[in-house]
$ cat final_12.txt   # compact mmCIF, C-alpha atoms
# COMPACT_ATOMS: atom_id res chain seq x y z
CA MET A 22 23.14 20.82 6.55
CA GLU A 23 24.66 18.68 3.82
CA ALA A 24 22.70 17.60 0.74
CA GLY A 25 22.94 13.94 1.77
CA ASP A 26 21.46 14.66 5.19
CA LEU A 27 18.66 16.71 3.66
CA ALA A 28 17.87 13.88 1.23
CA GLY A 29 17.95 11.39 4.09
CA ALA A 30 15.55 13.49 6.18
CA LEU A 31 13.14 13.87 3.25
CA ALA A 32 13.32 10.14 2.45
CA ILE A 33 12.71 9.02 6.01
CA GLY A 34 9.82 11.51 6.21
CA LEU A 35 8.24 9.97 3.12
CA ALA A 36 8.78 6.44 4.44
CA ALA A 37 7.28 7.38 7.81
CA GLY A 38 4.20 8.72 6.02
CA VAL A 39 3.68 5.53 4.01
CA VAL A 40 4.09 3.41 7.15
CA SER A 41 1.75 5.72 9.05
CA GLY A 42 -1.01 5.27 6.49
CA MET A 43 -0.56 1.53 6.20
CA VAL A 44 -0.06 0.59 9.84
CA GLY A 45 -2.07 3.32 11.59
CA VAL A 46 0.73 4.88 13.62
CA GLY A 47 1.89 8.49 13.64
CA GLY A 48 5.26 7.80 12.06
CA GLY A 49 7.25 8.93 15.11
CA VAL A 50 9.23 5.70 15.36
CA LEU A 51 10.86 6.77 12.08
CA PHE A 52 10.72 10.58 12.53
CA VAL A 53 12.74 10.41 15.75
CA PRO A 54 15.72 8.44 14.39
CA GLY A 55 15.52 10.55 11.19
CA LEU A 56 15.87 13.76 13.19
CA VAL A 57 18.69 12.34 15.33
CA LEU A 58 20.68 10.74 12.52
CA PHE A 59 20.22 13.22 9.66
CA LEU A 60 19.48 16.55 11.37
CA ASP A 61 21.75 16.10 14.41
CA GLU A 62 19.01 16.73 16.96
CA SER A 63 19.34 15.48 20.53
CA GLN A 64 17.06 12.58 21.43
CA LEU A 65 14.78 14.83 23.52
CA ARG A 66 14.45 17.55 20.86
CA ALA A 67 13.94 14.93 18.15
CA GLU A 68 11.10 13.32 20.11
CA SER A 69 9.46 16.67 20.75
CA THR A 70 9.79 17.84 17.15
CA SER A 71 8.49 14.48 15.92
CA LEU A 72 5.24 15.07 17.83
CA LEU A 73 4.50 18.23 15.86
CA ALA A 74 5.13 16.46 12.54
CA ILE A 75 2.84 13.63 13.65
CA VAL A 76 -0.10 15.99 14.20
CA VAL A 77 -0.08 16.98 10.52
CA VAL A 78 0.51 13.48 9.19
CA ALA A 79 -2.09 11.81 11.41
CA PHE A 80 -4.64 14.49 10.51
CA VAL A 81 -4.26 13.83 6.79
CA GLY A 82 -4.15 10.06 7.38
CA ALA A 83 -7.30 10.12 9.51
CA TRP A 84 -9.08 12.24 6.90
CA ARG A 85 -8.17 9.73 4.15
CA GLN A 86 -9.19 6.77 6.33
CA HIS A 87 -12.46 8.53 7.14
CA GLY A 88 -13.11 8.68 3.39
CA TYR A 89 -12.51 4.91 3.17
CA GLY A 90 -15.02 4.40 6.02
CA ASN A 91 -12.41 3.12 8.47
CA VAL A 92 -12.70 5.67 11.30
CA ARG A 93 -14.97 5.37 14.34
CA LEU A 94 -14.83 9.05 15.21
CA ARG A 95 -16.47 8.75 18.62
CA ASP A 96 -13.96 6.17 19.93
CA GLY A 97 -11.07 8.08 18.34
CA ALA A 98 -12.16 11.28 20.06
CA ILE A 99 -12.57 9.51 23.41
CA VAL A 100 -9.08 8.01 23.27
CA GLY A 101 -7.63 11.38 22.25
CA LEU A 102 -9.42 13.40 24.89
CA LEU A 103 -8.70 10.99 27.76
CA SER A 104 -4.95 10.95 27.09
CA PRO A 105 -3.72 14.07 29.00
CA LEU A 106 -2.82 12.22 32.21
CA GLY A 107 -0.54 9.89 30.28
CA VAL A 108 0.85 12.75 28.19
CA VAL A 109 1.84 14.79 31.26
CA VAL A 110 3.52 11.79 32.91
CA GLY A 111 5.34 10.84 29.68
CA THR A 112 6.63 14.32 28.81
CA GLY A 113 7.65 14.93 32.44
CA LEU A 114 9.61 11.68 32.47
CA ALA A 115 11.25 12.43 29.11
CA ASN A 116 12.54 15.74 30.45
CA ALA A 117 13.70 14.23 33.73
CA VAL A 118 15.91 11.36 32.51
CA SER A 119 19.31 11.61 30.81
CA GLU A 120 19.77 11.62 27.01
CA ARG A 121 21.40 8.19 27.05
CA VAL A 122 18.56 6.65 29.07
CA LEU A 123 16.06 8.20 26.67
CA GLU A 124 18.01 6.87 23.65
CA LEU A 125 18.23 3.36 25.04
CA SER A 126 14.59 3.20 26.14
CA PHE A 127 13.48 4.53 22.76
CA ALA A 128 15.56 1.85 21.03
CA ALA A 129 14.01 -0.77 23.33
CA ALA A 130 10.53 0.49 22.41
CA GLN A 131 11.46 0.26 18.72
CA LEU A 132 12.62 -3.33 19.10
CA TYR A 133 9.41 -4.18 20.94
CA PHE A 134 7.34 -2.69 18.12
CA ALA A 135 9.45 -4.56 15.58
CA TRP A 136 8.74 -7.79 17.44
CA GLN A 137 5.01 -7.02 17.46
CA LEU A 138 5.06 -6.35 13.71
CA ALA A 139 7.13 -9.44 12.96
CA GLU A 140 4.54 -11.52 14.80
CA ARG A 141 1.80 -9.91 12.73
CA ALA A 142 3.76 -10.51 9.51
CA LEU A 143 4.49 -14.15 10.31
CA GLY A 144 1.12 -14.96 11.91
CA PRO A 145 -1.93 -16.47 10.20
CA ALA A 146 -3.13 -14.64 7.09
CA GLU A 147 -5.87 -12.06 7.53
CA GLY A 148 -8.23 -10.13 5.24
CA MET B 219 -18.75 3.85 33.78
CA SER B 220 -19.15 1.12 31.20
CA SER B 221 -16.33 -1.37 30.81
CA ARG B 222 -16.01 -0.18 27.23
CA LEU B 223 -15.25 3.36 28.42
CA VAL B 224 -12.79 2.04 31.00
CA ARG B 225 -10.94 0.19 28.25
CA LEU B 226 -10.84 3.27 26.03
CA ALA B 227 -9.56 5.33 28.99
CA ALA B 228 -6.81 2.76 29.68
CA ILE B 229 -5.77 2.81 26.01
CA ALA B 230 -5.78 6.63 26.08
CA THR B 231 -3.57 6.85 29.17
CA GLY B 232 -1.08 4.26 27.90
CA ALA B 233 -0.89 5.87 24.47
CA GLY B 234 -0.49 9.33 26.01
CA ALA B 235 2.39 8.19 28.21
CA PHE B 236 4.19 6.51 25.28
CA SER B 237 3.58 9.56 23.14
CA GLY B 238 5.03 11.98 25.67
CA LEU B 239 7.96 9.78 26.62
CA PHE B 240 9.02 8.63 23.14
CA GLY B 241 7.79 11.34 20.76
CA ILE B 242 5.48 8.98 18.92
CA GLY B 243 1.74 9.09 18.37
CA GLY B 244 0.88 6.04 20.42
CA GLY B 245 -0.56 4.02 17.54
CA THR B 246 1.56 1.02 18.48
CA ILE B 247 -0.47 0.89 21.70
CA ILE B 248 -3.83 1.90 20.25
CA VAL B 249 -4.05 -0.40 17.20
CA PRO B 250 -3.43 -3.78 18.90
CA LEU B 251 -5.60 -2.89 21.93
CA LEU B 252 -8.56 -1.76 19.80
CA ILE B 253 -8.35 -5.15 18.08
CA LEU B 254 -7.84 -7.20 21.25
CA TRP B 255 -10.07 -5.37 23.73
CA LEU B 256 -12.79 -3.86 21.57
CA GLY B 257 -13.04 -6.35 18.73
CA TYR B 258 -12.00 -3.92 16.00
CA GLU B 259 -11.19 -5.13 12.51
CA GLU B 260 -7.61 -4.22 11.45
CA ARG B 261 -8.33 -1.38 9.00
CA GLU B 262 -10.86 0.21 11.33
CA ALA B 263 -8.32 0.02 14.16
CA THR B 264 -5.65 1.79 12.10
CA GLY B 265 -8.08 4.47 10.89
CA THR B 266 -9.48 5.16 14.34
CA SER B 267 -5.95 5.14 15.80
CA LEU B 268 -4.90 7.92 13.41
CA ALA B 269 -7.86 10.05 14.51
CA ALA B 270 -6.93 9.61 18.19
CA ILE B 271 -3.26 10.36 17.44
CA VAL B 272 -4.11 13.79 16.03
CA VAL B 273 -5.38 14.83 19.47
CA ILE B 274 -2.74 12.98 21.52
CA ALA B 275 0.24 14.26 19.51
CA ALA B 276 -1.15 17.81 19.56
CA MET B 277 -1.30 17.74 23.35
CA ALA B 278 2.11 16.10 23.71
CA ALA B 279 3.67 18.57 21.24
CA ALA B 280 2.17 21.43 23.23
CA ALA B 281 3.55 19.99 26.47
CA GLN B 282 7.04 19.62 24.96
CA GLY B 283 6.68 23.10 23.50
CA VAL B 284 6.28 24.40 27.05
CA TYR B 285 9.66 22.77 27.85
CA GLY B 286 11.07 24.56 24.76
CA ASN B 287 12.02 21.38 22.92
CA VAL B 288 10.13 21.72 19.62
CA ASP B 289 11.83 22.79 16.35
CA VAL B 290 9.02 23.90 14.02
CA GLY B 291 11.19 24.17 10.89
CA GLU B 292 12.52 20.63 11.20
CA ALA B 293 9.03 19.31 11.99
CA LEU B 294 7.89 20.72 8.64
CA LEU B 295 10.99 19.43 6.83
CA ILE B 296 10.29 15.87 7.89
CA GLY B 297 6.49 16.20 8.13
CA LEU B 298 5.69 17.51 4.66
CA PRO B 299 7.14 14.55 2.72
CA ALA B 300 5.34 12.36 5.26
CA VAL B 301 2.01 13.94 4.31
CA CYS B 302 2.60 12.78 0.71
CA GLY B 303 3.57 9.39 2.11
CA VAL B 304 0.47 8.98 4.23
CA VAL B 305 -1.85 9.59 1.27
CA VAL B 306 0.01 6.86 -0.64
CA GLY B 307 0.08 4.61 2.44
CA THR B 308 -3.65 4.78 3.17
CA ALA B 309 -4.45 4.10 -0.50
CA LEU B 310 -2.05 1.13 -0.58
CA GLN B 311 -3.54 -0.23 2.65
CA GLN B 312 -6.89 -0.74 0.92
CA ARG B 313 -5.32 -3.21 -1.55
CA VAL B 314 -2.04 -4.64 -0.21
CA PRO B 315 -1.81 -7.44 2.41
CA SER B 316 -0.89 -5.80 5.71
CA ARG B 317 1.58 -8.53 6.69
CA ALA B 318 3.95 -7.39 3.92
CA VAL B 319 3.90 -3.86 5.34
CA SER B 320 4.44 -5.15 8.85
CA ALA B 321 7.52 -7.09 7.75
CA VAL B 322 9.13 -4.11 6.03
CA PHE B 323 8.36 -1.84 8.96
CA ALA B 324 9.85 -4.33 11.43
CA VAL B 325 13.14 -4.41 9.51
CA LEU B 326 13.28 -0.59 9.37
CA LEU B 327 12.75 -0.39 13.14
CA VAL B 328 15.48 -2.88 13.98
CA ALA B 329 17.92 -1.04 11.70
CA SER B 330 17.26 2.37 13.25
CA ALA B 331 17.31 0.97 16.80
CA ILE B 332 20.81 -0.40 16.13
CA LEU B 333 21.94 3.00 14.79
CA LEU B 334 20.59 4.75 17.90
CA ILE B 335 22.24 2.36 20.34
CA ALA B 336 25.58 2.49 18.52

$ encode --input "final_12.txt" --output "structure tokens"
Amino acid sequence: MEAGDLAGALAIGLAAGVVSGMVGVGGGVLFVPGLVLFLDESQLRAESTSLLAIVVVAFVGAWRQHGYGNVRLRDGAIVGLLSPLGVVVGTGLANAVSERVLELSFAAAQLYFAWQLAERALGPAEG
Amino acid sequence: MSSRLVRLAAIATGAGAFSGLFGIGGGTIIVPLLILWLGYEEREATGTSLAAIVVIAAMAAAAQGVYGNVDVGEALLIGLPAVCGVVVGTALQQRVPSRAVSAVFAVLLVASAILLIA
């Protein structure tokens, strides 16, 4: 691993964390491209590795948000515990399709999220 | 089942599928739907989303681990700086307008999507 790639991976990790805390996501939309572009992972391995990083980041983020009084633990637990059906379908699909299909659909998901965020940024002001 | 529980179950299934398929936590599904379907205020939606993601990502990581796709060393390499970032991010969220964050994030996403497609 070259120094530039290491620095890039660390920087995108930091950025993903900041975004995670501010927007309430796990940071995977940045972890995955970071792992592909800087650490030369395949799309599938990057997605899988991203999930493990997210667990740690989301745990710390949720703990901080709990301190700020922004977590409804009961609803959070319900959404978490009712997710396995979706998780099994999603991981099965990710392992079944080709790398290129996974790359392109991930990029499409990113663009969709970007659109969502742009709408939020350009929409009416909120608290 | 109450309609509230049905909505939470639908959010959970959608977020789980996105998480498993794309290696993300599913917050991009959870946050807007908590606001739209359950009347959450924005900060509460993001906080509650993070709590749900801990469980969802743990299950999805375990499932991908079964397929042998998880690299623990690289997860730490990219995850540890992110832990510092998330502490900063949650603190900033309490005082910075969220639309500014959304704009920056949107630009980052478009840039990395282009790099992935290329």

$ interface_residues --input "final_12.txt" --of "chain A" --to "chain B" --cutoff "6 Å" --atoms "only C-alpha atoms" --output "PyMOL selection string"
chain A and resi 31+34-35+37-39+41-43+45-47+49+66+68-74+76+78-80+82-83+86+91-93+97-98+100-101+103-104+107-108+111-112+115+128+131-132+135+138-139+142

$ closest_residue --input "final_12.txt" --among "A:Gln64, A:Phe59, A:Val110, A:Val40" --to "Leu125 in chain A" --atoms "only C-alpha atoms"
A:Gln64

$ atom_distance --input "final_12.txt" --atom1 "CA of Tyr133 in chain A" --atom2 "CA of Val109 in chain A"
22.9 Å

$ atom_distance --input "final_12.txt" --atom1 "CA of Leu106 in chain A" --atom2 "CA of Ile75 in chain A"
19.5 Å

$ atom_distance --input "final_12.txt" --atom1 "CA of Leu60 in chain A" --atom2 "CA of Gly29 in chain A"
9.1 Å
